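Participant: This is the content of work_30.cif (mmCIF, C-alpha atoms):
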data_target
loop_
_atom_site.group_PDB
_atom_site.id
_atom_site.type_symbol
_atom_site.label_atom_id
_atom_site.label_comp_id
_atom_site.auth_asym_id
_atom_site.auth_seq_id
_atom_site.Cartn_x
_atom_site.Cartn_y
_atom_site.Cartn_z
ATOM 1 C CA MET A 30 -22.475 -20.660 -4.368
ATOM 2 C CA ALA A 31 -21.145 -17.141 -3.829
ATOM 3 C CA TYR A 32 -18.059 -16.277 -1.786
ATOM 4 C CA LYS A 33 -18.214 -13.314 0.569
ATOM 5 C CA ILE A 34 -15.392 -10.787 0.785
ATOM 6 C CA VAL A 35 -14.908 -10.237 4.518
ATOM 7 C CA ARG A 36 -11.969 -7.831 4.388
ATOM 8 C CA LYS A 37 -10.254 -5.606 1.876
ATOM 9 C CA GLU A 38 -7.161 -3.520 2.567
ATOM 10 C CA MET A 39 -5.028 -1.390 0.268
ATOM 11 C CA LEU A 40 -1.363 -2.227 0.868
ATOM 12 C CA ASN A 41 -0.041 0.435 -1.491
ATOM 13 C CA PRO A 42 -1.569 2.479 -4.344
ATOM 14 C CA THR A 43 -1.688 -0.497 -6.750
ATOM 15 C CA VAL A 44 -1.791 -3.547 -4.454
ATOM 16 C CA PHE A 45 -4.622 -4.696 -2.216
ATOM 17 C CA LEU A 46 -5.370 -7.587 0.110
ATOM 18 C CA MET A 47 -8.676 -9.459 -0.021
ATOM 19 C CA GLU A 48 -9.896 -11.998 2.538
ATOM 20 C CA VAL A 49 -12.659 -14.293 1.288
ATOM 21 C CA GLU A 50 -14.928 -16.784 3.054
ATOM 22 C CA ALA A 51 -14.034 -20.211 1.653
ATOM 23 C CA PRO A 52 -14.040 -22.736 4.534
ATOM 24 C CA LEU A 53 -13.503 -25.869 2.434
ATOM 25 C CA ILE A 54 -10.437 -24.344 0.756
ATOM 26 C CA ALA A 55 -9.087 -22.968 4.041
ATOM 27 C CA ARG A 56 -9.295 -26.442 5.550
ATOM 28 C CA LYS A 57 -6.847 -27.883 2.993
ATOM 29 C CA ALA A 58 -4.703 -24.949 1.822
ATOM 30 C CA GLU A 59 -0.914 -24.995 2.205
ATOM 31 C CA PRO A 60 1.839 -22.504 1.263
ATOM 32 C CA GLY A 61 2.586 -22.451 -2.455
ATOM 33 C CA GLN A 62 -0.918 -23.339 -3.618
ATOM 34 C CA PHE A 63 -3.330 -21.067 -5.459
ATOM 35 C CA ILE A 64 -7.004 -20.462 -6.167
ATOM 36 C CA ILE A 65 -8.932 -19.538 -9.307
ATOM 37 C CA LEU A 66 -11.677 -16.942 -9.076
ATOM 38 C CA ARG A 67 -14.322 -15.327 -11.244
ATOM 39 C CA ILE A 68 -15.890 -12.048 -10.230
ATOM 40 C CA ASP A 69 -19.188 -12.925 -11.888
ATOM 41 C CA GLU A 70 -20.601 -15.282 -14.510
ATOM 42 C CA PHE A 71 -19.190 -13.136 -17.315
ATOM 43 C CA GLY A 72 -15.707 -12.789 -15.823
ATOM 44 C CA GLU A 73 -12.512 -14.502 -16.850
ATOM 45 C CA ARG A 74 -10.996 -17.224 -14.665
ATOM 46 C CA VAL A 75 -7.861 -15.880 -12.989
ATOM 47 C CA PRO A 76 -5.372 -17.710 -10.734
ATOM 48 C CA PHE A 77 -4.057 -16.038 -7.565
ATOM 49 C CA THR A 78 -1.537 -17.525 -5.150
ATOM 50 C CA ILE A 79 -2.834 -17.980 -1.616
ATOM 51 C CA GLU A 80 -1.220 -15.368 0.630
ATOM 52 C CA GLY A 81 -2.749 -16.735 3.804
ATOM 53 C CA TYR A 82 -5.425 -18.982 5.253
ATOM 54 C CA ASP A 83 -7.287 -19.148 8.567
ATOM 55 C CA ARG A 84 -8.693 -22.603 9.192
ATOM 56 C CA GLU A 85 -10.720 -21.472 12.227
ATOM 57 C CA LYS A 86 -12.364 -18.523 10.445
ATOM 58 C CA GLY A 87 -12.617 -20.460 7.199
ATOM 59 C CA THR A 88 -11.046 -17.712 5.102
ATOM 60 C CA ILE A 89 -8.475 -17.423 2.330
ATOM 61 C CA THR A 90 -6.418 -14.283 1.749
ATOM 62 C CA ILE A 91 -5.037 -13.203 -1.613
ATOM 63 C CA VAL A 92 -2.946 -10.173 -2.533
ATOM 64 C CA VAL A 93 -3.680 -8.577 -5.888
ATOM 65 C CA GLN A 94 -1.778 -6.084 -8.026
ATOM 66 C CA ILE A 95 -3.928 -3.891 -10.253
ATOM 67 C CA VAL A 96 -2.609 -4.618 -13.738
ATOM 68 C CA GLY A 97 -5.251 -5.885 -16.162
ATOM 69 C CA LYS A 98 -9.011 -5.661 -16.685
ATOM 70 C CA THR A 99 -9.985 -8.296 -14.119
ATOM 71 C CA THR A 100 -7.757 -6.899 -11.379
ATOM 72 C CA GLN A 101 -9.165 -3.431 -12.079
ATOM 73 C CA ASP A 102 -12.689 -4.812 -11.676
ATOM 74 C CA LEU A 103 -11.716 -6.793 -8.577
ATOM 75 C CA ALA A 104 -10.313 -3.637 -6.986
ATOM 76 C CA LYS A 105 -13.754 -2.027 -7.199
ATOM 77 C CA LEU A 106 -15.281 -4.629 -4.866
ATOM 78 C CA GLU A 107 -15.460 -4.016 -1.121
ATOM 79 C CA ALA A 108 -16.002 -6.057 2.033
ATOM 80 C CA GLY A 109 -19.535 -7.425 2.141
ATOM 81 C CA GLU A 110 -19.722 -8.050 -1.605
ATOM 82 C CA TYR A 111 -19.404 -11.459 -3.248
ATOM 83 C CA LEU A 112 -17.360 -13.343 -5.835
ATOM 84 C CA SER A 113 -19.134 -15.762 -8.151
ATOM 85 C CA ASP A 114 -16.446 -18.490 -8.075
ATOM 86 C CA PHE A 115 -13.493 -19.247 -5.841
ATOM 87 C CA ALA A 116 -11.919 -22.671 -6.466
ATOM 88 C CA GLY A 117 -8.976 -24.423 -4.842
ATOM 89 C CA PRO A 118 -6.570 -25.189 -3.380
ATOM 90 C CA LEU A 119 -4.757 -25.939 -6.635
ATOM 91 C CA GLY A 120 -1.148 -26.778 -7.412
ATOM 92 C CA GLN A 121 1.378 -28.603 -5.269
ATOM 93 C CA PRO A 122 2.271 -27.363 -1.766
ATOM 94 C CA THR A 123 5.814 -26.095 -1.365
ATOM 95 C CA PRO A 124 8.095 -28.795 0.123
ATOM 96 C CA LEU A 125 9.531 -27.261 3.310
ATOM 97 C CA ASP A 126 11.972 -28.694 5.867
ATOM 98 C CA GLY A 127 12.070 -27.370 9.417
ATOM 99 C CA SER A 128 15.632 -28.607 9.976
ATOM 100 C CA LYS A 129 17.159 -26.293 7.376
ATOM 101 C CA LYS A 130 18.315 -22.688 7.242
ATOM 102 C CA TYR A 131 16.524 -20.758 4.507
ATOM 103 C CA ALA A 132 16.813 -17.472 2.689
ATOM 104 C CA VAL A 133 13.369 -16.524 1.412
ATOM 105 C CA ILE A 134 13.473 -13.886 -1.333
ATOM 106 C CA GLY A 135 10.434 -11.840 -2.350
ATOM 107 C CA GLY A 136 10.467 -9.402 -5.236
ATOM 108 C CA GLY A 137 7.640 -6.849 -5.334
ATOM 109 C CA LEU A 138 4.284 -8.612 -5.279
ATOM 110 C CA GLY A 139 6.177 -11.888 -4.862
ATOM 111 C CA THR A 140 6.609 -10.845 -1.240
ATOM 112 C CA ALA A 141 2.956 -11.747 -0.666
ATOM 113 C CA ILE A 142 3.652 -15.269 -1.903
ATOM 114 C CA ALA A 143 6.929 -15.518 0.033
ATOM 115 C CA TYR A 144 5.179 -14.572 3.280
ATOM 116 C CA PRO A 145 3.189 -17.805 3.820
ATOM 117 C CA GLN A 146 6.276 -19.845 2.972
ATOM 118 C CA ALA A 147 8.390 -17.962 5.504
ATOM 119 C CA LYS A 148 5.602 -18.161 8.082
ATOM 120 C CA LYS A 149 5.270 -21.932 7.674
ATOM 121 C CA LEU A 150 9.036 -22.363 7.957
ATOM 122 C CA HIS A 151 9.031 -20.332 11.165
ATOM 123 C CA GLU A 152 6.211 -22.479 12.554
ATOM 124 C CA ILE A 153 8.036 -25.758 11.869
ATOM 125 C CA GLY A 154 11.295 -24.563 13.408
ATOM 126 C CA ALA A 155 13.459 -23.521 10.466
ATOM 127 C CA LYS A 156 15.816 -20.540 10.617
ATOM 128 C CA VAL A 157 14.587 -17.943 8.130
ATOM 129 C CA THR A 158 16.235 -14.875 6.635
ATOM 130 C CA VAL A 159 13.759 -12.920 4.517
ATOM 131 C CA ILE A 160 14.952 -10.505 1.836
ATOM 132 C CA THR A 161 12.415 -8.386 -0.032
ATOM 133 C CA GLY A 162 12.919 -5.870 -2.809
ATOM 134 C CA PHE A 163 10.787 -3.014 -4.149
ATOM 135 C CA ARG A 164 11.258 -0.067 -6.483
ATOM 136 C CA ASN A 165 10.726 2.463 -3.673
ATOM 137 C CA LYS A 166 9.508 2.684 -0.064
ATOM 138 C CA ASP A 167 5.923 3.529 -1.070
ATOM 139 C CA LEU A 168 5.557 0.074 -2.637
ATOM 140 C CA VAL A 169 6.770 -1.927 0.385
ATOM 141 C CA ILE A 170 4.188 -4.446 1.627
ATOM 142 C CA LEU A 171 3.852 -6.834 4.596
ATOM 143 C CA GLU A 172 6.928 -5.507 6.400
ATOM 144 C CA ASP A 173 5.355 -5.740 9.875
ATOM 145 C CA GLU A 174 4.008 -9.239 9.228
ATOM 146 C CA LEU A 175 7.410 -10.460 8.057
ATOM 147 C CA LYS A 176 9.164 -8.977 11.099
ATOM 148 C CA GLU A 177 7.084 -11.254 13.305
ATOM 149 C CA ILE A 178 8.191 -14.489 11.662
ATOM 150 C CA ALA A 179 11.673 -13.830 10.217
ATOM 151 C CA ASP A 180 14.873 -14.396 12.177
ATOM 152 C CA LYS A 181 16.274 -11.595 10.029
ATOM 153 C CA LEU A 182 14.436 -9.274 7.650
ATOM 154 C CA ILE A 183 16.112 -7.165 4.975
ATOM 155 C CA VAL A 184 13.936 -4.770 2.965
ATOM 156 C CA ALA A 185 15.734 -3.173 0.041
ATOM 157 C CA THR A 186 14.605 -0.654 -2.560
ATOM 158 C CA ASP A 187 16.051 0.166 -5.949
ATOM 159 C CA ASP A 188 16.314 3.867 -5.085
ATOM 160 C CA GLY A 189 17.329 3.514 -1.444
ATOM 161 C CA SER A 190 14.329 5.537 -0.262
ATOM 162 C CA ASN A 191 13.823 3.225 2.729
ATOM 163 C CA GLY A 192 17.484 3.411 3.759
ATOM 164 C CA THR A 193 18.708 0.189 2.113
ATOM 165 C CA GLN A 194 19.551 0.485 -1.571
ATOM 166 C CA GLY A 195 20.122 -2.415 -3.907
ATOM 167 C CA PHE A 196 18.580 -5.469 -5.505
ATOM 168 C CA VAL A 197 17.656 -8.653 -3.665
ATOM 169 C CA THR A 198 20.636 -10.359 -5.293
ATOM 170 C CA ASP A 199 22.946 -7.726 -3.763
ATOM 171 C CA MET A 200 21.461 -8.340 -0.326
ATOM 172 C CA LEU A 201 21.678 -12.117 -0.662
ATOM 173 C CA GLU A 202 25.310 -12.049 -1.773
ATOM 174 C CA LYS A 203 26.222 -9.761 1.135
ATOM 175 C CA GLU A 204 24.703 -12.262 3.556
ATOM 176 C CA ILE A 205 26.588 -15.167 1.951
ATOM 177 C CA GLN A 206 29.870 -13.277 1.905
ATOM 178 C CA ALA A 207 29.345 -12.344 5.575
ATOM 179 C CA GLY A 208 29.359 -16.035 6.421
ATOM 180 C CA GLU A 209 25.697 -17.055 6.308
ATOM 181 C CA GLN A 210 25.401 -20.664 5.219
ATOM 182 C CA PHE A 211 21.969 -21.236 3.740
ATOM 183 C CA ASP A 212 20.801 -24.785 3.127
ATOM 184 C CA GLU A 213 18.266 -23.553 0.578
ATOM 185 C CA VAL A 214 17.002 -20.393 -1.080
ATOM 186 C CA ILE A 215 13.374 -19.808 -2.044
ATOM 187 C CA ALA A 216 12.867 -17.034 -4.607
ATOM 188 C CA ILE A 217 9.492 -15.634 -5.621
ATOM 189 C CA GLY A 218 8.919 -12.618 -7.842
ATOM 190 C CA PRO A 219 9.317 -11.427 -11.438
ATOM 191 C CA LEU A 220 10.914 -13.958 -13.764
ATOM 192 C CA VAL A 221 13.994 -11.821 -14.347
ATOM 193 C CA MET A 222 14.560 -11.492 -10.596
ATOM 194 C CA MET A 223 14.277 -15.236 -10.044
ATOM 195 C CA LYS A 224 16.623 -15.894 -12.956
ATOM 196 C CA PHE A 225 19.376 -13.749 -11.468
ATOM 197 C CA VAL A 226 18.870 -15.131 -7.969
ATOM 198 C CA CYS A 227 19.419 -18.585 -9.471
ATOM 199 C CA LYS A 228 22.539 -17.473 -11.345
ATOM 200 C CA LEU A 229 23.918 -16.185 -8.047
ATOM 201 C CA THR A 230 23.074 -19.281 -6.010
ATOM 202 C CA GLU A 231 24.534 -21.540 -8.705
ATOM 203 C CA LYS A 232 27.843 -19.776 -8.114
ATOM 204 C CA TYR A 233 27.660 -20.691 -4.421
ATOM 205 C CA ASN A 234 26.134 -24.138 -4.994
ATOM 206 C CA ILE A 235 23.009 -23.387 -2.914
ATOM 207 C CA PRO A 236 19.842 -25.328 -3.875
ATOM 208 C CA THR A 237 17.174 -22.871 -5.000
ATOM 209 C CA MET A 238 13.440 -23.258 -5.424
ATOM 210 C CA VAL A 239 11.387 -20.783 -7.439
ATOM 211 C CA SER A 240 7.666 -20.245 -7.895
ATOM 212 C CA MET A 241 6.584 -20.121 -11.541
ATOM 213 C CA ASN A 242 3.150 -18.635 -10.897
ATOM 214 C CA PRO A 243 3.900 -15.595 -13.162
ATOM 215 C CA VAL A 244 3.376 -17.766 -16.266
ATOM 216 C CA MET A 245 0.067 -19.372 -15.176
ATOM 217 C CA ILE A 246 -3.149 -18.554 -17.043
ATOM 218 C CA ASP A 247 -5.837 -21.236 -16.975
ATOM 219 C CA GLY A 248 -4.552 -22.875 -13.804
ATOM 220 C CA THR A 249 -5.678 -26.441 -14.541
ATOM 221 C CA GLY A 250 -3.173 -27.638 -17.159
ATOM 222 C CA MET A 251 -5.659 -27.488 -20.045
ATOM 223 C CA CYS A 252 -4.553 -24.321 -21.852
ATOM 224 C CA GLY A 253 -0.842 -25.139 -21.997
ATOM 225 C CA GLY A 254 0.022 -21.483 -21.477
ATOM 226 C CA CYS A 255 2.238 -22.237 -18.481
ATOM 227 C CA ARG A 256 4.533 -24.727 -20.196
ATOM 228 C CA ILE A 257 8.104 -24.448 -18.979
ATOM 229 C CA ILE A 258 11.226 -26.493 -19.593
ATOM 230 C CA VAL A 259 12.746 -27.966 -16.433
ATOM 231 C CA GLY A 260 15.824 -30.150 -16.769
ATOM 232 C CA GLY A 261 15.092 -30.584 -20.474
ATOM 233 C CA GLU A 262 11.531 -31.799 -19.825
ATOM 234 C CA THR A 263 8.274 -29.931 -20.435
ATOM 235 C CA LYS A 264 6.322 -29.207 -17.250
ATOM 236 C CA PHE A 265 3.124 -27.312 -16.498
ATOM 237 C CA ALA A 266 3.536 -24.697 -13.776
ATOM 238 C CA CYS A 267 -0.060 -24.988 -12.573
ATOM 239 C CA VAL A 268 -0.263 -28.768 -12.049
ATOM 240 C CA ASP A 269 3.373 -29.878 -11.722
ATOM 241 C CA GLY A 270 4.306 -26.825 -9.654
ATOM 242 C CA PRO A 271 4.233 -23.935 -9.216
ATOM 243 C CA ASP A 272 7.532 -24.613 -7.387
ATOM 244 C CA PHE A 273 10.553 -25.966 -9.261
ATOM 245 C CA ASP A 274 14.324 -26.322 -8.984
ATOM 246 C CA GLY A 275 15.432 -22.931 -10.252
ATOM 247 C CA HIS A 276 18.783 -24.250 -11.486
ATOM 248 C CA LYS A 277 17.023 -26.544 -13.965
ATOM 249 C CA ILE A 278 14.664 -24.016 -15.563
ATOM 250 C CA ASP A 279 15.194 -22.753 -19.112
ATOM 251 C CA TRP A 280 14.792 -19.105 -18.141
ATOM 252 C CA ASP A 281 14.998 -17.671 -21.655
ATOM 253 C CA SER A 282 12.010 -19.685 -22.897
ATOM 254 C CA ALA A 283 10.082 -18.985 -19.671
ATOM 255 C CA MET A 284 10.590 -15.239 -20.006
ATOM 256 C CA LYS A 285 9.564 -15.340 -23.653
ATOM 257 C CA ARG A 286 6.340 -17.133 -22.683
ATOM 258 C CA GLY A 287 5.749 -14.573 -19.939
ATOM 259 C CA ARG A 288 5.609 -11.821 -22.581
ATOM 260 C CA MET A 289 3.240 -13.636 -24.945
ATOM 261 C CA PHE A 290 -0.018 -12.158 -23.627
ATOM 262 C CA LYS A 291 1.075 -8.590 -22.971
ATOM 263 C CA GLU A 292 -0.631 -7.248 -26.096
ATOM 264 C CA TYR A 293 -3.887 -9.061 -25.295
ATOM 265 C CA GLU A 294 -3.886 -7.725 -21.719
ATOM 266 C CA THR A 295 -3.444 -4.164 -22.976
ATOM 267 C CA ARG A 296 -6.286 -4.615 -25.452
ATOM 268 C CA SER A 297 -8.602 -6.213 -22.885
ATOM 269 C CA CYS A 298 -8.154 -3.253 -20.544
ATOM 270 C CA ALA A 299 -9.283 -0.924 -23.317
ATOM 271 C CA GLU A 300 -12.046 -3.024 -24.864
ATOM 272 C CA GLY A 301 -13.232 -5.477 -22.185
ATOM 273 C CA HIS A 302 -12.951 -9.265 -22.334
ATOM 274 C CA CYS A 303 -14.318 -11.589 -24.944
ATOM 275 C CA ARG A 304 -17.749 -12.807 -23.805
ATOM 276 C CA ILE A 305 -18.115 -15.634 -26.341
ATOM 277 C CA GLY A 306 -20.711 -13.759 -28.348
ATOM 278 C CA ARG A 307 -21.689 -11.269 -25.632
ATOM 279 C CA THR A 308 -20.399 -7.717 -25.499
ATOM 280 C CA ASN A 309 -21.842 -6.854 -22.101
ATOM 281 C CA LYS A 310 -24.020 -8.218 -19.314
ATOM 282 C CA ALA A 311 -27.182 -6.600 -20.634
ATOM 283 C CA GLU A 312 -27.225 -8.612 -23.861
#
Would it be possible to restate this file's structure as C-alpha cells?
Facilitator:
Amino acid sequence: MAYKIVRKEMLNPTVFLMEVEAPLIARKAEPGQFIILRIDEFGERVPFTIEGYDREKGTITIVVQIVGKTTQDLAKLEAGEYLSDFAGPLGQPTPLDGSKKYAVIGGGLGTAIAYPQAKKLHEIGAKVTVITGFRNKDLVILEDELKEIADKLIVATDDGSNGTQGFVTDMLEKEIQAGEQFDEVIAIGPLVMMKFVCKLTEKYNIPTMVSMNPVMIDGTGMCGGCRIIVGGETKFACVDGPDFDGHKIDWDSAMKRGRMFKEYETRSCAEGHCRIGRTNKAE
C-alpha cells in the first residue's frame, strides 16, 4: 500500500510540512505519538512525531527539518507523489489535563511537536501559555496557528530579530516572576533546551514533562538506540514514551546518546545509505 502526499508546504528554508493520506492512523492518532515512514523499498525507516491529524479527511501531518540523507530525499517529493510505508500511531499519547494551567515550550522544530499538545489542551479547556524559541525570525514556524489556540503566545529569538530577544528559559522565568502560576510545563525541543527548562522548573517546583523523540531511531524498541535513564531505571523513548518526567531524566547520558550517530549521519549524506548488499536501486 502506498501513501499519497496531499500537501507540502515550506515553512522556512530548511523545514517543510507534509500532509499524507493515512486514514487508519488518523482515526487513532493523539498528541505525542509518532509515525515511521520509508520513502521507498530501499529507504531507511525514520520516525517523525505527528504534528497534526484530520480524522474527517483521513490525513496525518508531519513537519520535517532537512538534516540527513532521508530528509533531503523526502524534501524532493511533492504533493501527488507517494511514500512506500507510513506506519503508526506509535508511542504513548501525552497525558493532558484540561483542569490545569500549562506552559508549553517549543524550541525550534520542537514547536511543531508542541503545537498539537497545545491545541489539544485548548480543546479540552486548559489555560495555555505557549513559548517558542528560534535562532532568528526567518526560522519561526507555526506562529499564526499557535495564536489561534494559545491564551498567550511568546515568540523569542536568540538575536532579537523578531522584537523579543532571549531564550525560552528567559521567557518562562519572566512569566513565573510576574506571578504566573503554572500547574505543569511541557517542554519539547533540543535536548540541551529541555535540560535547562527542567533545571529552571525544578527551582520553582513545577512538574515538567519532556518529549524524548530526539533520541529515537528505530521507533519500535528493538534497536535500543533510544535508551534513557529515568529515575534510575532504563526506559525506551519510543515505546515507554516519548514523554517523561523531565526532573527524573539523566540528561548527561541522554545528550551523550544523542551525539552517537552524528558521524554516521554525515557519512550517509555523502555516500548514501547502506542497502544490505545493494549500492543503488538499479542493482
Participant: Taking into account only C-alpha atoms, which residue in the set A:Leu220, A:Ile178, A:Met251, A:Met200 is nearest to Arg286 in chain A?
Facilitator: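 Smallest separation from Arg286 in chain A among the options: A:Leu220.
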Participant: Give me, please, the distance in Å between CA of Pro52 in chain A and CA of Ala31 in chain A, quoted to one decimal.
Facilitator: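 It comes out at 12.3 Å.
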Participant: So, counting all atoms listed in the file, which residue among A:Ala116, A:Met39, A:Ile65, A:Leu171 is closest to Thr140 in chain A?
Facilitator: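 Under the stated criterion, the closest residue is A:Leu171.
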Participant: Please write the residues picked by the PyMOL selection byres ((chain A and resi 258) around 9) on this file as a PDB file with C-alpha atoms, in the coordinates of the input.
Facilitator:
ATOM      1  CA  ARG A 256       4.533 -24.727 -20.196  1.00  0.00           C
ATOM      2  CA  ILE A 257       8.104 -24.448 -18.979  1.00  0.00           C
ATOM      3  CA  VAL A 259      12.746 -27.966 -16.433  1.00  0.00           C
ATOM      4  CA  GLY A 260      15.824 -30.150 -16.769  1.00  0.00           C
ATOM      5  CA  GLY A 261      15.092 -30.584 -20.474  1.00  0.00           C
ATOM      6  CA  GLU A 262      11.531 -31.799 -19.825  1.00  0.00           C
ATOM      7  CA  THR A 263       8.274 -29.931 -20.435  1.00  0.00           C
ATOM      8  CA  LYS A 264       6.322 -29.207 -17.250  1.00  0.00           C
ATOM      9  CA  PHE A 265       3.124 -27.312 -16.498  1.00  0.00           C
ATOM     10  CA  LYS A 277      17.023 -26.544 -13.965  1.00  0.00           C
ATOM     11  CA  ILE A 278      14.664 -24.016 -15.563  1.00  0.00           C
ATOM     12  CA  ASP A 279      15.194 -22.753 -19.112  1.00  0.00           C
ATOM     13  CA  TRP A 280      14.792 -19.105 -18.141  1.00  0.00           C
ATOM     14  CA  SER A 282      12.010 -19.685 -22.897  1.00  0.00           C
ATOM     15  CA  ALA A 283      10.082 -18.985 -19.671  1.00  0.00           C
TER      16      ALA A 283
END
Participant: Using all atoms listed in the file, pick whichever of A:Leu66, A:Leu201, A:Val159, A:Val169 has the shortest atom-to-atom distance to Asp187 in chain A.
Facilitator: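 Among A:Leu66, A:Leu201, A:Val159, A:Val169, it is A:Val169 that comes nearest to Asp187 in chain A.
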Participant: Restricting the calculation to all atoms listed in the file, which member of A:Asp281, A:Asp173, A:Asp269, A:Asp274 is positioned closest to Ile215 in chain A?
Facilitator: A:Asp274
Participant: Selection in question (the file shown): the PyMOL selection byres ((chain A and resi 149) around 10). Which residues does it include, as a PyMOL selection string?
Facilitator: chain A and resi 59-60+123+125-127+144-148+150-155+178
